[in-house]
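Source file: input-v2.tsv; contents: TSV, C-alpha atoms.
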```
chain	number	residue	atom	x	y	z
A	558	MET	CA	100.56	82.61	-146.87
A	559	SER	CA	99.42	79.11	-146.14
A	560	ALA	CA	96.45	77.34	-147.68
A	561	ASN	CA	94.17	78.26	-144.80
A	562	THR	CA	93.01	81.68	-145.97
A	563	TYR	CA	89.42	81.28	-144.91
A	564	LEU	CA	87.86	81.13	-141.49
A	565	GLN	CA	85.80	78.13	-140.38
A	566	VAL	CA	82.57	79.41	-138.87
A	567	THR	CA	80.63	76.22	-138.27
A	568	GLU	CA	81.88	75.42	-134.77
A	569	LEU	CA	80.01	76.46	-131.64
A	570	ASP	CA	82.20	75.01	-128.91
A	571	PHE	CA	84.80	77.24	-127.21
A	572	SER	CA	87.79	75.00	-127.88
A	573	ASP	CA	86.79	74.41	-131.52
A	574	ILE	CA	86.30	78.13	-132.14
A	575	ARG	CA	89.71	78.80	-130.63
A	576	THR	CA	91.30	76.09	-132.76
A	577	ASN	CA	89.78	77.65	-135.87
A	578	LEU	CA	91.08	81.09	-134.94
A	579	LYS	CA	94.54	79.61	-134.42
A	580	ALA	CA	94.35	77.87	-137.77
A	581	TYR	CA	93.45	81.19	-139.32
A	582	LEU	CA	96.37	82.94	-137.61
A	583	LYS	CA	98.76	80.38	-139.07
A	584	SER	CA	98.12	81.98	-142.44
A	585	GLN	CA	99.82	85.22	-141.33
A	586	ASN	CA	103.32	85.95	-140.15
A	587	GLN	CA	102.85	89.17	-138.17
A	588	PHE	CA	102.31	87.45	-134.84
A	589	ALA	CA	103.64	84.01	-134.06
A	590	ASP	CA	103.06	83.49	-130.35
A	591	TYR	CA	99.43	82.42	-130.42
A	592	ASP	CA	100.41	78.88	-129.37
A	593	PHE	CA	101.86	79.86	-125.98
A	594	ASP	CA	99.56	80.13	-123.00
A	595	GLY	CA	101.14	83.24	-121.51
A	596	SER	CA	101.26	85.31	-124.68
A	597	ALA	CA	99.06	88.34	-125.27
A	598	MET	CA	97.89	86.72	-128.50
A	599	SER	CA	96.69	83.71	-126.53
A	600	THR	CA	94.82	85.94	-124.11
A	601	LEU	CA	93.25	87.79	-127.00
A	602	LEU	CA	92.26	84.51	-128.64
A	603	ASP	CA	90.62	83.40	-125.39
A	604	VAL	CA	88.55	86.57	-125.29
A	605	LEU	CA	87.58	86.30	-128.96
A	606	ALA	CA	86.67	82.63	-128.67
A	607	TYR	CA	84.70	83.27	-125.49
A	608	ASN	CA	82.81	86.11	-127.12
A	609	THR	CA	82.06	84.01	-130.19
A	610	HIS	CA	80.95	81.09	-128.06
A	611	TYR	CA	78.75	83.43	-126.02
A	612	ASN	CA	77.08	84.81	-129.14
A	613	ALA	CA	76.65	81.34	-130.60
A	614	TYR	CA	74.95	80.13	-127.44
A	615	TYR	CA	72.72	83.19	-127.34
A	616	LEU	CA	71.69	82.81	-130.97
A	617	ASN	CA	71.01	79.12	-130.43
A	618	MET	CA	68.67	79.97	-127.58
A	619	VAL	CA	66.99	82.69	-129.65
A	620	ALA	CA	66.46	80.22	-132.51
A	621	ASN	CA	64.97	77.70	-130.07
A	622	GLU	CA	62.50	80.24	-128.75
A	623	MET	CA	61.39	81.17	-132.26
A	624	PHE	CA	59.65	77.84	-132.89
A	625	LEU	CA	56.80	76.23	-131.00
A	626	ASP	CA	58.44	72.81	-130.96
A	627	SER	CA	61.61	74.00	-129.24
A	628	ALA	CA	60.52	77.05	-127.22
A	629	SER	CA	60.89	76.65	-123.48
A	630	LEU	CA	59.82	80.05	-122.12
A	631	ARG	CA	56.10	80.52	-121.58
A	632	ASN	CA	56.18	83.95	-123.19
A	633	SER	CA	57.71	82.46	-126.32
A	634	VAL	CA	55.16	79.64	-126.49
A	635	VAL	CA	52.32	82.15	-126.07
A	636	ALA	CA	53.76	84.34	-128.82
A	637	ARG	CA	54.09	81.38	-131.22
A	638	ALA	CA	50.56	80.15	-130.31
A	639	LYS	CA	49.11	83.58	-131.14
A	640	HIS	CA	50.32	83.14	-134.72
A	641	LEU	CA	48.24	79.97	-134.91
A	642	GLY	CA	45.10	81.64	-133.64
A	643	TYR	CA	45.27	80.48	-130.03
A	644	ARG	CA	44.86	82.93	-127.21
A	645	PRO	CA	46.27	81.32	-124.09
A	646	ARG	CA	45.38	82.82	-120.77
A	647	SER	CA	46.50	82.47	-117.21
A	648	ALA	CA	44.60	80.74	-114.41
A	649	GLN	CA	41.90	82.94	-112.96
A	650	GLY	CA	39.30	82.84	-110.22
A	651	SER	CA	35.86	81.36	-110.72
A	652	LEU	CA	32.83	83.45	-111.69
A	653	ALA	CA	29.41	82.81	-110.18
A	654	THR	CA	26.17	84.28	-111.44
A	655	VAL	CA	23.67	84.20	-108.60
A	656	THR	CA	20.17	85.28	-107.70
A	657	LEU	CA	20.23	87.20	-104.44
A	658	THR	CA	17.36	87.25	-102.00
A	659	ILE	CA	17.59	89.48	-98.95
A	660	THR	CA	15.43	89.40	-95.85
A	661	PRO	CA	15.92	92.74	-94.05
A	662	THR	CA	14.87	93.41	-90.48
A	663	ASP	CA	13.10	96.63	-91.54
A	664	SER	CA	11.34	97.49	-94.83
A	665	PRO	CA	13.43	99.93	-96.88
A	666	ALA	CA	12.32	101.02	-100.34
A	667	ALA	CA	15.50	99.62	-101.86
A	668	ILE	CA	18.70	97.92	-100.67
A	669	SER	CA	22.00	98.98	-102.17
A	670	ILE	CA	24.81	96.44	-102.66
A	671	PRO	CA	28.09	98.28	-103.29
A	672	LYS	CA	30.77	97.08	-105.63
A	673	ASN	CA	33.29	94.65	-104.04
A	674	THR	CA	30.83	93.45	-101.39
A	675	GLN	CA	32.24	90.19	-100.07
A	676	PHE	CA	30.34	86.88	-100.01
A	677	GLN	CA	31.70	83.77	-98.39
A	678	GLY	CA	31.03	80.30	-99.69
A	679	GLU	CA	32.29	76.86	-98.91
A	680	VAL	CA	33.35	74.16	-101.33
A	681	ALA	CA	34.39	70.75	-100.02
A	682	GLY	CA	35.00	72.17	-96.55
A	683	ILE	CA	37.18	75.04	-97.78
A	684	SER	CA	35.99	78.64	-97.49
A	685	TYR	CA	36.29	80.99	-100.44
A	686	ILE	CA	35.54	84.68	-100.86
A	687	TRP	CA	33.67	86.14	-103.83
A	688	CYS	CA	33.08	89.82	-104.52
A	689	THR	CA	30.51	91.66	-106.55
A	690	SER	CA	32.02	93.14	-109.66
A	691	ASN	CA	29.42	95.95	-109.85
A	692	SER	CA	27.06	97.78	-107.53
A	693	HIS	CA	23.41	96.72	-107.46
A	694	SER	CA	20.13	98.04	-106.16
A	695	VAL	CA	17.62	95.51	-104.84
A	696	ASN	CA	13.97	96.52	-104.95
A	697	ILE	CA	11.08	94.81	-103.37
A	698	ASN	CA	8.94	92.79	-105.80
A	699	ALA	CA	5.20	92.17	-105.93
A	700	ASN	CA	5.50	89.25	-103.47
A	701	GLY	CA	7.23	91.45	-100.89
A	702	VAL	CA	10.64	89.84	-101.38
A	703	TYR	CA	13.86	91.75	-101.96
A	704	THR	CA	15.48	89.84	-104.81
A	705	VAL	CA	17.71	90.51	-107.79
A	706	ASP	CA	18.83	88.20	-110.61
A	707	SER	CA	22.11	87.77	-112.44
A	708	ILE	CA	24.59	89.16	-109.98
A	709	ASP	CA	28.16	88.36	-110.99
A	710	LEU	CA	30.47	87.32	-108.17
A	711	ASN	CA	34.21	87.02	-108.86
A	712	GLN	CA	36.38	84.83	-106.68
A	713	GLY	CA	39.05	86.65	-104.70
A	714	ILE	CA	39.45	90.00	-103.01
A	715	PRO	CA	40.45	93.03	-105.09
A	716	SER	CA	43.65	94.62	-103.83
A	717	THR	CA	44.72	98.19	-104.18
A	718	PHE	CA	48.28	99.41	-104.37
A	719	ARG	CA	48.83	102.97	-103.25
A	720	TYR	CA	51.99	104.94	-103.68
A	721	THR	CA	52.99	108.55	-103.28
A	722	ALA	CA	54.16	110.27	-106.43
A	723	ASN	CA	56.62	113.10	-106.21
A	724	THR	CA	55.40	115.52	-108.87
A	725	SER	CA	58.36	117.83	-108.45
A	726	ASN	CA	60.62	115.44	-110.42
B	76	MET	CA	129.78	97.43	-142.11
B	77	SER	CA	127.76	99.05	-139.36
B	78	ASP	CA	125.24	100.29	-141.98
B	79	LEU	CA	124.94	96.81	-143.31
B	80	ALA	CA	124.43	95.43	-139.85
B	81	GLY	CA	121.75	98.05	-139.22
B	82	LYS	CA	119.92	97.08	-142.38
B	83	ILE	CA	119.84	93.42	-141.55
B	84	LYS	CA	116.56	92.89	-139.86
B	85	ARG	CA	116.75	90.92	-136.69
B	86	LYS	CA	115.08	87.58	-137.21
B	87	GLU	CA	111.77	87.42	-135.41
B	88	ILE	CA	111.27	83.94	-134.06
B	89	TYR	CA	108.70	84.96	-131.48
B	90	SER	CA	106.39	87.92	-132.00
B	91	ASP	CA	103.50	89.03	-129.86
B	92	ILE	CA	101.20	91.98	-129.34
B	93	ASP	CA	102.49	94.57	-126.88
B	94	LEU	CA	100.05	94.48	-123.97
B	95	GLY	CA	100.41	98.24	-123.65
B	96	PHE	CA	98.68	98.49	-127.04
B	97	PHE	CA	100.84	101.45	-128.03
B	98	ALA	CA	100.82	102.78	-131.56
B	99	HIS	CA	104.15	102.94	-133.36
B	100	PRO	CA	105.23	106.61	-133.48
B	101	ASN	CA	106.10	106.48	-137.18
B	102	THR	CA	103.74	103.97	-138.73
B	103	GLY	CA	100.83	104.25	-136.33
B	104	LYS	CA	100.53	100.46	-136.31
B	105	LEU	CA	100.25	98.33	-133.21
B	106	THR	CA	103.67	97.79	-131.68
B	107	LYS	CA	105.04	94.29	-131.27
B	108	LYS	CA	107.12	92.48	-128.73
B	109	VAL	CA	109.62	90.16	-130.35
B	110	ASN	CA	111.88	87.36	-129.18
B	111	ARG	CA	113.22	88.05	-125.65
B	112	ASP	CA	110.75	90.82	-124.96
B	113	ALA	CA	107.83	88.65	-126.06
B	114	ILE	CA	108.88	85.87	-123.70
B	115	ARG	CA	109.44	88.34	-120.85
B	116	GLN	CA	105.94	89.67	-121.35
B	117	SER	CA	104.56	86.14	-121.46
B	118	VAL	CA	106.27	85.15	-118.21
B	119	LYS	CA	105.06	88.30	-116.49
B	120	SER	CA	101.55	87.68	-117.75
B	121	LEU	CA	101.59	84.13	-116.41
B	122	ILE	CA	102.81	85.28	-112.99
B	123	LEU	CA	100.04	87.86	-112.73
B	124	THR	CA	97.29	85.51	-113.94
B	125	ASP	CA	95.11	83.84	-111.33
B	126	TYR	CA	93.47	80.47	-111.56
B	127	TYR	CA	90.01	80.55	-113.15
B	128	GLU	CA	90.80	83.92	-114.70
B	129	ARG	CA	90.93	82.60	-118.26
B	130	PRO	CA	87.60	81.42	-119.65
B	131	PHE	CA	87.42	77.63	-120.00
B	132	LYS	CA	91.05	77.28	-118.85
B	133	PRO	CA	90.95	77.20	-115.06
B	134	ASN	CA	94.39	75.66	-114.58
B	135	ILE	CA	96.34	78.45	-116.24
B	136	GLY	CA	97.72	80.86	-113.67
B	137	CYS	CA	99.97	81.25	-110.71
B	138	GLY	CA	97.66	82.10	-107.84
B	139	ILE	CA	100.21	84.54	-106.46
B	140	ARG	CA	97.55	86.86	-105.13
B	141	TYR	CA	96.35	84.27	-102.65
B	142	TYR	CA	99.70	84.44	-100.90
B	143	LEU	CA	99.49	88.20	-100.49
B	144	PHE	CA	96.94	87.67	-97.76
B	145	GLU	CA	99.27	85.41	-95.79
B	146	LEU	CA	101.86	86.52	-93.27
B	147	PHE	CA	105.12	86.79	-95.16
B	148	SER	CA	107.12	83.97	-93.58
B	149	PRO	CA	109.95	81.89	-95.05
B	150	ALA	CA	107.46	79.11	-95.70
B	151	VAL	CA	105.14	81.41	-97.69
B	152	LYS	CA	108.16	82.79	-99.56
B	153	GLN	CA	109.12	79.24	-100.50
B	154	GLN	CA	105.57	78.43	-101.61
B	155	MET	CA	105.42	81.53	-103.80
B	156	GLU	CA	108.69	80.67	-105.47
B	157	SER	CA	107.53	77.11	-106.06
B	158	ALA	CA	104.23	78.31	-107.53
B	159	ILE	CA	106.04	80.61	-109.95
B	160	ARG	CA	108.48	77.89	-110.99
B	161	GLU	CA	105.68	75.42	-111.53
B	162	THR	CA	103.59	77.85	-113.56
B	163	ILE	CA	106.41	78.78	-115.89
B	164	ALA	CA	107.48	75.17	-116.27
B	165	ASN	CA	103.94	74.14	-117.16
B	166	HIS	CA	102.92	76.96	-119.47
B	167	GLU	CA	106.01	78.60	-120.93
B	168	PRO	CA	108.13	76.02	-122.73
B	169	ARG	CA	110.44	78.69	-124.17
B	170	ALA	CA	111.81	79.70	-120.77
B	171	ASP	CA	114.13	77.61	-118.63
B	172	ILE	CA	114.06	78.90	-115.04
B	173	VAL	CA	117.40	79.64	-113.42
B	174	GLU	CA	116.32	81.37	-110.24
B	175	VAL	CA	113.19	82.73	-108.61
B	176	LEU	CA	113.44	85.15	-105.70
B	177	VAL	CA	110.64	86.72	-103.72
B	178	GLU	CA	111.69	89.65	-101.53
B	179	GLU	CA	109.70	91.96	-99.34
B	180	ARG	CA	109.81	95.73	-99.57
B	181	GLN	CA	108.28	96.81	-96.31
B	182	GLU	CA	108.73	100.50	-97.03
B	183	LEU	CA	106.59	100.13	-100.17
B	184	ASN	CA	104.19	97.53	-98.75
B	185	ALA	CA	105.15	95.44	-101.73
B	186	LEU	CA	106.77	92.20	-102.78
B	187	VAL	CA	109.34	92.01	-105.55
B	188	VAL	CA	109.41	88.83	-107.58
B	189	SER	CA	112.64	88.37	-109.53
B	190	VAL	CA	112.72	85.64	-112.12
B	191	ALA	CA	115.89	84.72	-113.99
B	192	PHE	CA	115.49	82.39	-116.90
B	193	MET	CA	117.25	81.23	-120.02
B	194	ILE	CA	115.56	81.30	-123.40
B	195	ILE	CA	115.87	78.20	-125.52
B	196	ASN	CA	118.63	78.72	-128.15
B	197	ASP	CA	119.73	82.00	-126.56
B	198	PRO	CA	122.89	82.11	-124.42
B	199	ASN	CA	121.98	85.28	-122.55
B	200	PRO	CA	119.86	85.05	-119.41
B	201	VAL	CA	116.79	87.22	-118.92
B	202	VAL	CA	115.94	88.80	-115.57
B	203	LEU	CA	112.38	89.89	-114.92
B	204	ASP	CA	111.26	91.90	-111.90
B	205	VAL	CA	107.59	92.01	-111.03
B	206	ILE	CA	106.40	94.25	-108.18
B	207	LEU	CA	103.30	93.08	-106.37
B	208	GLU	CA	101.55	95.86	-104.49
B	209	ARG	CA	98.08	96.93	-103.59
B	210	VAL	CA	96.21	98.77	-106.30
B	211	ARG	CA	93.58	100.46	-104.19
```
Could you write out this structure as structure tokens?
Amino acid sequence: MSANTYLQVTELDFSDIRTNLKAYLKSQNQFADYDFDGSAMSTLLDVLAYNTHYNAYYLNMVANEMFLDSASLRNSVVARAKHLGYRPRSAQGSLATVTLTITPTDSPAAISIPKNTQFQGEVAGISYIWCTSNSHSVNINANGVYTVDSIDLNQGIPSTFRYTANTSN
Amino acid sequence: MSDLAGKIKRKEIYSDIDLGFFAHPNTGKLTKKVNRDAIRQSVKSLILTDYYERPFKPNIGCGIRYYLFELFSPAVKQQMESAIRETIANHEPRADIVEVLVEERQELNALVVSVAFMIINDPNPVVLDVILERVR
């Protein structure tokens, strides 16, 4: 047995890992052909070094994502920020709280505004759609005006996804 | 004398894993290829390896499969033989090529590659036949 009876595990590069494995194999005399490109030992060393390199790269990326300073994925940054008390959120549509006054052609007792009723507005020449987030009932007041306060309008149009479920499975 | 000769273990200069990964019938250990057999296996492995097949070593290989999609003409035959010679010369320093022959076997839809080479410090030549045929 030679002096190299331990395995170096500090390298991350493919060629360095392979060199270390070869240095380790020099300490045994069962198989001697690891130095020749066509040998089965060489092929096996390639696979082992590739696998080790692959794992080293993966672990390096995992370690990066575990710290706020080095994380690159948004999910990782959000997870690290949660530990510090932050609660990041995504971009979302604007919310408007409006007072609605309606002038009907007839004189009903009350006017019903269903949920998701669309309102169009314009900001800087661009049209936007807002929708009511709840249903409302507008009653006539003492001055004979149909008005209601504090109606929340959310920007955007709610979408519905429908699919058919096969309950026999 | 013959008993004595039988007890003298043949010196293993080259030793490699058997790519068949067979267990030894008596010991159960992984069988080995030694000396001439190890080099034969290495040469065969090199011939059947394509470029970019080995990770991080794109230049190891023979590229013999590319020629299988060509019409088998004397020019292609010559190119295949040259590719095999070059590969062995570049990657197997233990073998000294004597002859490379590529022959067609129309009845089998196959090509037979015969490689004759000398092993360094061994007076006996080694002949290796590799049959190239479709696998599916």
Exercise for the section: Identify every residue of chain A that has at least one atom within 8 Å of any atom of chain B, counting all atoms listed in the file, and report the result as a PyMOL selection string. Expected result: chain A and resi 571+587-591+593-598+600+603-604+607
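Here CA of Asp626 (chain A) and CA of Ala613 (chain A) stand 20.1 Å from one another.
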Problem - Within 12 Å of file point (31.3, 81.9, -100.2), counting all atoms listed in the file, expressed as a list of chain:residue names - result: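 Those within range, by chain then number, are A:Ser651, A:Leu652, A:Ala653, A:Val655, A:Thr674, A:Gln675, A:Phe676, A:Gln677, A:Gly678, A:Glu679, A:Val680, A:Ala681, A:Gly682, A:Ile683, A:Ser684, A:Tyr685, A:Ile686, A:Trp687, A:Cys688, A:Thr689, A:Leu710, A:Asn711, A:Gln712, A:Gly713, A:Ile714.
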Completion exercise
From the list B:Gly95, B:Ile195, B:Arg111, B:Ala185, the nearest residue to Arg209 (chain B) using all atoms listed in the file is B:Ala185
Practice task
Between CA of Pro200 (chain B) and CA of Ile159 (chain B), measure the distance and give it in Å to one decimal.
Solution key: 17.3 Å
Exercise for the section: Tell me which of B:Ile206, B:Pro133, B:Tyr141, B:Gln154 sits closest to Leu183 (chain B), counting only C-alpha atoms. Expected result: B:Ile206
Exercise for the section: Work out how far CA of Thr717 (chain A) is from CA of Ser690 (chain A), in Å to one decimal. Expected result: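 Here the two named atoms are 14.7 Å from each other.
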Exercise for the section: Just the residues within 7 Å of region 669-672 of chain A, please, counting only C-alpha atoms, with nothing from its chain fewer than 4 positions along; format it as a ChimeraX atom specification. Expected result: /A:689-695
Handout entry: Who sits within 12 Å of region 640-647 of chain A, all atoms listed in the file, same chain under 3 positions skipped, as number ranges by chain
Key = A: 623-625, 631-637, 650
Can you write out the residues you just picked, keeping C-alpha atoms, as a PDB file, in the frame of the given file?
```
ATOM      1  CA  MET A 623      61.390  81.170-132.260  1.00  0.00           C
ATOM      2  CA  PHE A 624      59.650  77.840-132.890  1.00  0.00           C
ATOM      3  CA  LEU A 625      56.800  76.230-131.000  1.00  0.00           C
ATOM      4  CA  ARG A 631      56.100  80.520-121.580  1.00  0.00           C
ATOM      5  CA  ASN A 632      56.180  83.950-123.190  1.00  0.00           C
ATOM      6  CA  SER A 633      57.710  82.460-126.320  1.00  0.00           C
ATOM      7  CA  VAL A 634      55.160  79.640-126.490  1.00  0.00           C
ATOM      8  CA  VAL A 635      52.320  82.150-126.070  1.00  0.00           C
ATOM      9  CA  ALA A 636      53.760  84.340-128.820  1.00  0.00           C
ATOM     10  CA  ARG A 637      54.090  81.380-131.220  1.00  0.00           C
ATOM     11  CA  GLY A 650      39.300  82.840-110.220  1.00  0.00           C
TER      12      GLY A 650
END
```
Practice task
Identify, on the basis of all atoms listed in the file, every residue whose closest approach to Met155 (chain B) does not exceed 8 Å; exclude the query and any residue fewer than 4 positions from it along the same chain; express the result as JSON, numbers by chain.
Solution key: {"B": [139, 142, 151, 159, 177]}
